[in-house]
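Engineer: To start, I am sharing the structure in question, which I have written as structure tokens.
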Protein chains: 4
Amino acid sequence: MSNSYGKAFKISTFGESHGPGIGVVIDGCPSGLEVDLSHIQYELDRRKPGQSKLTSQRKESDEFQVLSGIFEGKSTGTPIALFIPNENQKSQDYNHISDVFRPSHADFTYQEKYGIRDYRGGGRSSARETAARVAAGAIAKQILSAQGIRIEAFVSQVGKIKMQKSYKEIDFSLTETNPVRCPEPEIAEKMAQLIDEIRLERDTIGGIVSCVCFGVPIGLGEPVFDKLHAELGKAMLSINAAKGFQIGPGFDSVGMKGSEHNDAFFTENGVVKTKTNHSGGIQGGISNGQEIYFDVVFKPVATIMQDQQSVDLQGNATTVSGKGRHDPCVLPRAVPIVDAMAALVLVDFWLRNRLVKL
Amino acid sequence: MSNSYGKAFKISTFGESHGPGIGVVIDGCPSGLEVDLSHIQYELDRRKPGQSKLTSQRKESDEFQVLSGIFEGKSTGTPIALFIPNENQKSQDYNHISDVFRPSHADFTYQEKYGIRDYRGGGRSSARETAARVAAGAIAKQILSAQGIRIEAFVSQVGKIKMQKSYKEIDFSLTETNPVRCPEPEIAEKMAQLIDEIRLERDTIGGIVSCVCFGVPIGLGEPVFDKLHAELGKAMLSINAAKGFQIGPGFDSVGMKGSEHNDAFFTENGVVKTKTNHSGGIQGGISNGQEIYFDVVFKPVATIMQDQQSVDLQGNATTVSGKGRHDPCVLPRAVPIVDAMAALVLVDFWLRNRLVKL
Amino acid sequence: MSNSYGKAFKISTFGESHGPGIGVVIDGCPSGLEVDLSHIQYELDRRKPGQSKLTSQRKESDEFQVLSGIFEGKSTGTPIALFIPNENQKSQDYNHISDVFRPSHADFTYQEKYGIRDYRGGGRSSARETAARVAAGAIAKQILSAQGIRIEAFVSQVGKIKMQKSYKEIDFSLTETNPVRCPEPEIAEKMAQLIDEIRLERDTIGGIVSCVCFGVPIGLGEPVFDKLHAELGKAMLSINAAKGFQIGPGFDSVGMKGSEHNDAFFTENGVVKTKTNHSGGIQGGISNGQEIYFDVVFKPVATIMQDQQSVDLQGNATTVSGKGRHDPCVLPRAVPIVDAMAALVLVDFWLRNRLVKL
Amino acid sequence: MSNSYGKAFKISTFGESHGPGIGVVIDGCPSGLEVDLSHIQYELDRRKPGQSKLTSQRKESDEFQVLSGIFEGKSTGTPIALFIPNENQKSQDYNHISDVFRPSHADFTYQEKYGIRDYRGGGRSSARETAARVAAGAIAKQILSAQGIRIEAFVSQVGKIKMQKSYKEIDFSLTETNPVRCPEPEIAEKMAQLIDEIRLERDTIGGIVSCVCFGVPIGLGEPVFDKLHAELGKAMLSINAAKGFQIGPGFDSVGMKGSEHNDAFFTENGVVKTKTNHSGGIQGGISNGQEIYFDVVFKPVATIMQDQQSVDLQGNATTVSGKGRHDPCVLPRAVPIVDAMAALVLVDFWLRNRLVKL
């Protein structure tokens, strides 16, 4: 009962890892958008496996179909349904877990919650579901882009290797120049080496995806429960393997005093701005016109190519072996997902903001 | 349009800091609960100002009225409305900000979003709104308590002073023994000293509230968007001044490998458990029966007793002076709010979980 | 869990007949409305009992309080909470039904559904709840009025006495000139006589409230489930004692052929209109700019001043006697409720229509 | 933004008449249902065109695909997506209306609301959308059937030819024995003749579908806005061409006195029942255990095989000619749609009723 996200621009996703495919229905996309289908495919390609040796070697084209909602190239205001058929599934890779729970996966909790689970590839709990989000997010980005809103997600940390630049110093044109999607090429190189080492250890590693949103107008976010950063937090934490979220300096603000943290207002060319941006572009849950920046931490992938202790459906002790084709580090493929979820949050609030004044 | 929270146990709050009062309507409280009104007052008292020299010296009794939904001591299944009249407002303390924006407050964003704002005490953006959450959360806690679910929030860090114990080592009976609400009395003492120093500096300081939930049954949380930790994150980030959220080790998991982070399953007395709990009690967005633990970071309070640069409604440069009776550190009073929001999330999922199996 | 109505302009009502009072929270009223409080009271006065000998002789002033959301006379965009304290309750009038079910009332179903009920005056099932709708509806009407939208509800039938004029022939300035609220005074007179006869028989009678909405712009209503007439139907059927709804000719269209029923388009002064209006102003669930007209049938009031067979909580046969001060016919007091619900539906769709185009 | 229906068992439909197909996503189907796919096809076959000379001669197999949510024959608790590819579209039949508005169709209102429309076959406004509802409704019926709930919709009136039997006298095994779906064969015969005459006149005719729900447990329906009959009303009025709804005697109750209309309670074998059932099985918006019965009126189909006056996109007067393969009377095909919508309402409330008691 929670396969939908958004109140004005509402997406509903469906599909399992090893079923016919993954899909999304967008209810609330305004009419009149010239939908760029190749851009949707571009975003899906950024997420798909097999892009480099750093990611899973599964080969899936992730080509999508438009089932409804677009007529003569434009959105009509009716639901836009997109479908991405599954390919290259090796369901037999999963027979060994049909009655065994992989540690730190969703196998156990799904089985207990529902009394049944599609164990093939993790079924609904597979990160493959995020393909639907990326497809919908691409449409959201097209709407936002026309408003001058630009979203830049990137890998800022893998293991203990992290970028040092502040968000203001980054050249975002470099993000897509390396398979890690870190806009500091020399750091990206070290991250790539670390991921490769981890892969050879048959282990996995986590990291941080950071994101900066430029050009967000003043006024997005709805007090009191749907504060903009609260929804961004929820959206990010709903991504597989995400374990934490912070806006602005976040946990680092703990050592600051109010006199250091507060962002003084000033006026420049008739526009009210802040001298610093410790608020992360959001005050009282509402965007203030400054850049919005936040971080999402991803734990190491649960599937490792090692034997692990576990139990079976009957609670008997057993060993689970890692099989299949998996990512030693999800961070590079998480970047377009963070992008997409940020776009879905922003487009939803951008629409909702049409309702607040008489 | 977002003054409601919850899908099954839905609360809607209303009221401003300097209006007649603050209220909440609970739609979805099951019938048959023997409501303990004194416990609601107890929780409100934990949140109210004037409890110690560490907090605001405003005196408000925060006594609540039951407007509906309880008959002969029991919930009837109809909406429960609770109202907390405002008292002791000194609205004239706010005349100086009627046309000026306090830095890092919501003054500017509300004004821009709505074209109008009730500037007295921050109006709707005041943390006074959280009294309504605490009242509703108390009812949620009464339901959860009968299910053996216990929520323990506490202050784990103020400025750079932090607790060292893991959540398993804490004696939670000590939380309420000191005004900081830190269950390590010697650390609490240092925190209190720091807060007092900061107060004398006419400045403010932030910190971290941590929370542990015991006895949560397996199965709470709804894939894919309403993952349990995603909703906890949203709920916590919707609290005034919260800037970050992490579940389990959160940002600290970034340095761990999958082989270190994964929680091996084993069976004890017929119950499936995990040897470690790096998942923070949640796997695939669903509770797995282990303790749920998370952290929420609060920035330093924006209102400081110092002059700050700002602009007025016309964009002219001006100076804002700190006036009124404010908290140098919100952490002690944030504890019951975190408690309440956790309870509201858990009771909502506990009810929703009744829907999933045939 | 369904004490709320509306998606953009959302109202949540609370309160019971014999508790402290009845209230409503409006979440989503746009900011900047100059709220006319006297108009809210005017609408409440139209609904309150004791207006004439045709209605219940209970005396309640139904004076309301503003608890939040209005500052210096204007809506601020935050929740508007209104509260109407109960007065003049004679709860002892209901002691005799504390363990007995009144026929065709909600006593039995509430008891079975919730296992408990506030029997005093029907508790939550009392039509007193509609006072909250009328108060909220008054605000909705103020918004609509500024858009040139006018709603005219009236009593078109009581028992078998009915108006003959089509909606185009009615002089709506006459509706409030008689206690029945029928805009044909000579018919109103007959209706009043019938109601008085029924009252003396210690019985009750039903009838039809009709409603015409003028000035509704083209485009309100949302395919496919929230068609404008579907929501109007739900809103009207949610009023106590309503048992049927029809739009346009409704059930009378059953004898017409398509060639008779279809509304031919033509253009007048650049505006597309229809020659007839059998569609009732709605085509495909969306307003087409013509007058919207519909009918709501109300059954006879269930409380009659006679002895009736029933059962008690244990299922034993018993007799229920009519006591208290009740309406022999609800139609006159239902008019402002139909008005209010129509306004709430229209204002909700008027706001939602802001979202559909890019 | 309203292509979804239901709160606990939520369906979202998508698709246009002449696009790739029509689909539905069910979010909230409990896990563990053994889904009978052939029964879904059976219901779709009842709705599809080309069943008899009384209905449209279009040939569409309406075979559906399962895209997600069913594993090894059972529902898993994840979204169930069903897709019905379109076939046999003759889009060129609609070229003549690409810039012309068919009278009493949704062409004009969609164009004005969205600024664009898929004119082929009515696009999203086509009754073809209801195929998705029928598919989802079939699953709802399977859940309800296991609870002993049975829904019987049937044609009770076509033009002025109507059934005389009360709902208690009907032999429902006869509904499917004739192409009209009227359970009184001799009346059905007259209806069929009338429809055939109307067809030869190149005209259309409306009628009434009635529905009886047996075995509905006490307690379904949610005060105050989601009363059971209010939701049934909305669901029925959301069906293409529906113009009115009544529960129980509905508009006929207008001539009854309270003493006639009230349903006296009595106890039979320990079960509380009512002697009459003028309440239509619902009191105070909640089912009381008696049969629920209601009527839905359908206007004559707007597409007639005659020339009609209209205007084009520029507002110029023009003539629209009837083309294509259309139904002279939708009633026979509306029966499974009414069935389906009733099932969707009931299953939603059946699930929601799990939430009301502690």
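Residues are named by chain letter and number: chains run A, B, ... in the order of the structure tokens, numbers start at 1 in each chain, and ligands are numbered from 1 in the order shown.
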Counting only C-alpha atoms, what is within 7 Å of Ala340 in chain D, bar same-chain residues fewer than 2 positions away, as a ChimeraX atom specification?
Structural biologist: /D:133-134,137-138,336-338,342-344
Engineer: Output the selection as a PDB file, in the first residue's frame - N, CA, C and O atoms for each residue.
Structural biologist:
```pdb
ATOM      1  N   ARG D 133     -11.147  -1.554 -14.827  1.00  0.00           N
ATOM      2  CA  ARG D 133     -11.916  -1.671 -13.586  1.00  0.00           C
ATOM      3  C   ARG D 133     -12.489  -3.075 -13.438  1.00  0.00           C
ATOM      4  O   ARG D 133     -12.544  -3.629 -12.333  1.00  0.00           O
ATOM      5  N   VAL D 134     -12.945  -3.616 -14.564  1.00  0.00           N
ATOM      6  CA  VAL D 134     -13.537  -4.960 -14.519  1.00  0.00           C
ATOM      7  C   VAL D 134     -12.476  -5.995 -14.125  1.00  0.00           C
ATOM      8  O   VAL D 134     -12.743  -6.898 -13.325  1.00  0.00           O
ATOM      9  N   GLY D 137     -11.795  -5.474 -10.520  1.00  0.00           N
ATOM     10  CA  GLY D 137     -12.992  -5.877  -9.786  1.00  0.00           C
ATOM     11  C   GLY D 137     -13.107  -7.390  -9.666  1.00  0.00           C
ATOM     12  O   GLY D 137     -13.617  -7.906  -8.664  1.00  0.00           O
ATOM     13  N   ALA D 138     -12.613  -8.099 -10.668  1.00  0.00           N
ATOM     14  CA  ALA D 138     -12.662  -9.564 -10.615  1.00  0.00           C
ATOM     15  C   ALA D 138     -11.828 -10.073  -9.439  1.00  0.00           C
ATOM     16  O   ALA D 138     -12.229 -11.006  -8.724  1.00  0.00           O
ATOM     17  N   PRO D 336     -21.437  -5.823 -15.889  1.00  0.00           N
ATOM     18  CA  PRO D 336     -20.187  -6.234 -15.225  1.00  0.00           C
ATOM     19  C   PRO D 336     -19.384  -5.061 -14.664  1.00  0.00           C
ATOM     20  O   PRO D 336     -18.590  -5.249 -13.738  1.00  0.00           O
ATOM     21  N   ILE D 337     -19.598  -3.869 -15.209  1.00  0.00           N
ATOM     22  CA  ILE D 337     -18.870  -2.703 -14.681  1.00  0.00           C
ATOM     23  C   ILE D 337     -19.452  -2.302 -13.318  1.00  0.00           C
ATOM     24  O   ILE D 337     -18.710  -2.004 -12.375  1.00  0.00           O
ATOM     25  N   VAL D 338     -20.772  -2.304 -13.227  1.00  0.00           N
ATOM     26  CA  VAL D 338     -21.405  -2.020 -11.931  1.00  0.00           C
ATOM     27  C   VAL D 338     -20.992  -3.069 -10.906  1.00  0.00           C
ATOM     28  O   VAL D 338     -20.616  -2.740  -9.764  1.00  0.00           O
ATOM     29  N   ALA D 342     -18.862  -2.142  -7.538  1.00  0.00           N
ATOM     30  CA  ALA D 342     -19.411  -2.515  -6.225  1.00  0.00           C
ATOM     31  C   ALA D 342     -18.406  -3.367  -5.455  1.00  0.00           C
ATOM     32  O   ALA D 342     -18.193  -3.180  -4.251  1.00  0.00           O
ATOM     33  N   ALA D 343     -17.775  -4.290  -6.172  1.00  0.00           N
ATOM     34  CA  ALA D 343     -16.779  -5.154  -5.514  1.00  0.00           C
ATOM     35  C   ALA D 343     -15.598  -4.337  -5.014  1.00  0.00           C
ATOM     36  O   ALA D 343     -15.079  -4.579  -3.913  1.00  0.00           O
ATOM     37  N   LEU D 344     -15.177  -3.368  -5.808  1.00  0.00           N
ATOM     38  CA  LEU D 344     -14.028  -2.552  -5.407  1.00  0.00           C
ATOM     39  C   LEU D 344     -14.354  -1.720  -4.166  1.00  0.00           C
ATOM     40  O   LEU D 344     -13.519  -1.554  -3.284  1.00  0.00           O
TER      41      LEU D 344
END
```
Engineer: Using DSSP on the backbone coordinates, identify the residues of range 132-267 of chain D assigned to strand (DSSP E or B); present them as number ranges by chain.
Structural biologist: D: 150-158, 161-162, 205, 207-214, 222, 224, 226, 242-247, 257, 265-267
Engineer: Need to verify the contact set: range 325-328 of chain A, 12 Å, only C-alpha atoms, exclusion of same-chain residues closer than 3 positions in sequence. Can you return it as a VMD selection string?
Structural biologist: (chain A and resid 48 to 59 88 to 91 93 to 94 121 126 to 128 158 to 159 192 to 207 299 to 305 322 331 to 334) or (chain B and resid 257 to 259)
Engineer: Mind dumping the selected residues with C-alpha atoms as a PDB file, in the first residue's frame?
Structural biologist:
```pdb
ATOM      1  CA  LYS A  48      21.440   0.051 -15.879  1.00  0.00           C
ATOM      2  CA  PRO A  49      23.924  -2.657 -14.942  1.00  0.00           C
ATOM      3  CA  GLY A  50      26.924  -3.558 -17.046  1.00  0.00           C
ATOM      4  CA  GLN A  51      28.171  -0.031 -17.629  1.00  0.00           C
ATOM      5  CA  SER A  52      31.694  -0.692 -16.405  1.00  0.00           C
ATOM      6  CA  LYS A  53      33.703  -3.218 -14.478  1.00  0.00           C
ATOM      7  CA  LEU A  54      32.760  -1.335 -11.306  1.00  0.00           C
ATOM      8  CA  THR A  55      29.175  -2.450 -11.527  1.00  0.00           C
ATOM      9  CA  SER A  56      27.232  -5.647 -12.001  1.00  0.00           C
ATOM     10  CA  GLN A  57      28.015  -7.484 -15.216  1.00  0.00           C
ATOM     11  CA  ARG A  58      24.387  -8.259 -15.932  1.00  0.00           C
ATOM     12  CA  LYS A  59      23.433  -7.074 -19.383  1.00  0.00           C
ATOM     13  CA  ASN A  88      18.641 -11.586 -19.184  1.00  0.00           C
ATOM     14  CA  GLN A  89      17.230 -12.918 -15.965  1.00  0.00           C
ATOM     15  CA  LYS A  90      18.966 -15.980 -14.630  1.00  0.00           C
ATOM     16  CA  SER A  91      16.316 -17.001 -12.188  1.00  0.00           C
ATOM     17  CA  ASP A  93      20.789 -18.235  -9.836  1.00  0.00           C
ATOM     18  CA  TYR A  94      18.305 -17.764  -7.049  1.00  0.00           C
ATOM     19  CA  GLY A 121      16.394 -11.752  -7.640  1.00  0.00           C
ATOM     20  CA  SER A 126      15.263  -5.687  -5.759  1.00  0.00           C
ATOM     21  CA  ALA A 127      16.848  -2.353  -6.614  1.00  0.00           C
ATOM     22  CA  ARG A 128      15.601  -3.049 -10.107  1.00  0.00           C
ATOM     23  CA  VAL A 158      33.387   5.658  -1.294  1.00  0.00           C
ATOM     24  CA  GLY A 159      34.581   3.911   1.822  1.00  0.00           C
ATOM     25  CA  ALA A 192      37.595   3.191  -8.696  1.00  0.00           C
ATOM     26  CA  GLN A 193      40.728   1.482  -7.413  1.00  0.00           C
ATOM     27  CA  LEU A 194      39.131   0.888  -4.031  1.00  0.00           C
ATOM     28  CA  ILE A 195      35.981  -0.560  -5.581  1.00  0.00           C
ATOM     29  CA  ASP A 196      38.078  -2.864  -7.723  1.00  0.00           C
ATOM     30  CA  GLU A 197      40.068  -4.062  -4.717  1.00  0.00           C
ATOM     31  CA  ILE A 198      36.865  -4.685  -2.812  1.00  0.00           C
ATOM     32  CA  ARG A 199      35.458  -6.602  -5.767  1.00  0.00           C
ATOM     33  CA  LEU A 200      38.506  -8.843  -5.841  1.00  0.00           C
ATOM     34  CA  GLU A 201      38.059  -9.453  -2.102  1.00  0.00           C
ATOM     35  CA  ARG A 202      34.559 -10.667  -3.051  1.00  0.00           C
ATOM     36  CA  ASP A 203      33.295  -7.997  -0.671  1.00  0.00           C
ATOM     37  CA  THR A 204      31.340  -4.739  -1.012  1.00  0.00           C
ATOM     38  CA  ILE A 205      31.657  -1.145   0.085  1.00  0.00           C
ATOM     39  CA  GLY A 206      29.323   1.805   0.686  1.00  0.00           C
ATOM     40  CA  GLY A 207      29.618   5.549   0.371  1.00  0.00           C
ATOM     41  CA  LYS A 299      25.571   0.979   3.229  1.00  0.00           C
ATOM     42  CA  PRO A 300      27.746  -1.666   1.553  1.00  0.00           C
ATOM     43  CA  VAL A 301      25.741  -3.989  -0.726  1.00  0.00           C
ATOM     44  CA  ALA A 302      24.402  -6.934   1.237  1.00  0.00           C
ATOM     45  CA  THR A 303      25.203  -9.527  -1.435  1.00  0.00           C
ATOM     46  CA  ILE A 304      28.827 -10.575  -1.024  1.00  0.00           C
ATOM     47  CA  MET A 305      30.607 -13.391  -2.828  1.00  0.00           C
ATOM     48  CA  GLY A 322      27.068 -15.441  -2.838  1.00  0.00           C
ATOM     49  CA  LEU A 331      27.252   4.265  -5.568  1.00  0.00           C
ATOM     50  CA  PRO A 332      27.854   4.928  -9.284  1.00  0.00           C
ATOM     51  CA  ARG A 333      24.434   3.540 -10.198  1.00  0.00           C
ATOM     52  CA  ALA A 334      22.796   5.300  -7.233  1.00  0.00           C
TER      53      ALA A 334
ATOM     54  CA  LYS B 257      32.600  -3.589   4.193  1.00  0.00           C
ATOM     55  CA  GLY B 258      29.611  -5.762   3.442  1.00  0.00           C
ATOM     56  CA  SER B 259      31.219  -8.632   5.304  1.00  0.00           C
TER      57      SER B 259
END
```
Engineer: Need to verify the contact set: Ile151 in chain D, 7 Å, only C-alpha atoms, exclusion of same-chain residues closer than 5 positions in sequence. Can you return it as an mmCIF file with N, CA and C atoms, in the first residue's frame?
Structural biologist:
```
data_model
loop_
_atom_site.group_PDB
_atom_site.id
_atom_site.type_symbol
_atom_site.label_atom_id
_atom_site.label_comp_id
_atom_site.auth_asym_id
_atom_site.auth_seq_id
_atom_site.Cartn_x
_atom_site.Cartn_y
_atom_site.Cartn_z
ATOM 1 N N VAL D 212 -27.719 -5.925 -6.247
ATOM 2 C CA VAL D 212 -27.975 -6.397 -4.891
ATOM 3 C C VAL D 212 -26.700 -7.054 -4.370
ATOM 4 N N CYS D 213 -26.318 -6.725 -3.144
ATOM 5 C CA CYS D 213 -25.133 -7.330 -2.518
ATOM 6 C C CYS D 213 -25.585 -8.180 -1.343
ATOM 7 N N PHE D 214 -25.299 -9.459 -1.416
ATOM 8 C CA PHE D 214 -25.694 -10.402 -0.377
ATOM 9 C C PHE D 214 -24.498 -10.737 0.523
ATOM 10 N N ASP D 339 -21.052 -4.313 -11.301
ATOM 11 C CA ASP D 339 -20.538 -5.420 -10.470
ATOM 12 C C ASP D 339 -19.132 -5.121 -9.951
#
```
Engineer: For Ser2 in chain C, which residue among D:Glu34, D:Gln306, D:Phe225, D:Leu220 is the nearest when counting only C-alpha atoms?
Structural biologist: D:Phe225
Engineer: Compile the residues of chain D that lie within 9 Å of chain B, evaluated using only C-alpha atoms, and express the compilation as number ranges by chain.
Structural biologist: D: 8, 28-33, 76-78, 143, 223, 351-352, 354-358
Engineer: Please determine, counting only C-alpha atoms, which residue among C:Asp307, C:Asp27, C:Asp118, C:Glu186 has the shortest atom-to-atom distance to Lys10 in chain C.
Structural biologist: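 Selected residue with least distance to Lys10 in chain C: C:Asp27.
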Engineer: Need the shell around Thr267 in chain C: protein/DNA/RNA residues with any atom at most 9 Å away, counting only C-alpha atoms. Skip same-chain ones fewer than 4 positions apart. Format as a PDB file with C-alpha atoms, in the first residue's frame?
Structural biologist:
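Output saved as part.pdb:
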```pdb
ATOM      1  CA  VAL C 271     -18.411  31.318 -26.402  1.00  0.00           C
ATOM      2  CA  VAL C 272     -19.254  27.680 -27.043  1.00  0.00           C
ATOM      3  CA  LYS C 273     -22.599  26.810 -25.486  1.00  0.00           C
ATOM      4  CA  THR C 274     -25.151  24.033 -25.699  1.00  0.00           C
TER       5      THR C 274
ATOM      6  CA  SER D 310     -21.866  21.125 -33.369  1.00  0.00           C
ATOM      7  CA  VAL D 311     -18.851  23.392 -33.518  1.00  0.00           C
ATOM      8  CA  GLY D 315     -15.975  27.588 -32.686  1.00  0.00           C
ATOM      9  CA  ASN D 316     -17.401  27.472 -36.231  1.00  0.00           C
ATOM     10  CA  ALA D 317     -20.723  25.727 -36.735  1.00  0.00           C
TER      11      ALA D 317
END
```
Engineer: Quick check, in Å to one decimal: how far apart do CA of Ser12 in chain B and CA of Val25 in chain B lie?
Structural biologist: 5.2 Å
Engineer: Could you check how far CA of Gly23 in chain B sits from CA of Glu16 in chain C, in Å to one decimal?
Structural biologist: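 Computed distance, CA of Gly23 in chain B to CA of Glu16 in chain C, equals 16.9 Å.
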Engineer: Fewer than 4 positions away in the same chain doesn't count, so skip those; otherwise give me all residues within 12 Å of Lys275 in chain B, counting only C-alpha atoms, as an MDAnalysis selection string.
Structural biologist: (chainID A and resid 103:104 308:311) or (chainID B and resid 260:268 279 281 290)
Engineer: Write out as JSON, numbers by chain the residues lying within 10 Å of Gln147 in chain A, counting only C-alpha atoms and excluding same-chain residues fewer than 3 positions away.
Structural biologist: {"A": [141, 142, 143, 144, 150, 215, 216, 217, 350]}
Engineer: Between C:Asn95, C:Ser253, C:Thr109, C:Gln65, which has the minimum distance to Gln283 in chain D (counting only C-alpha atoms)?
Structural biologist: C:Thr109
Engineer: Among range 87-195 of chain B, which ones does DSSP place in alpha helix (DSSP H), written as a ChimeraX atom specification?
Structural biologist: /B:107-114,130-146,185-195
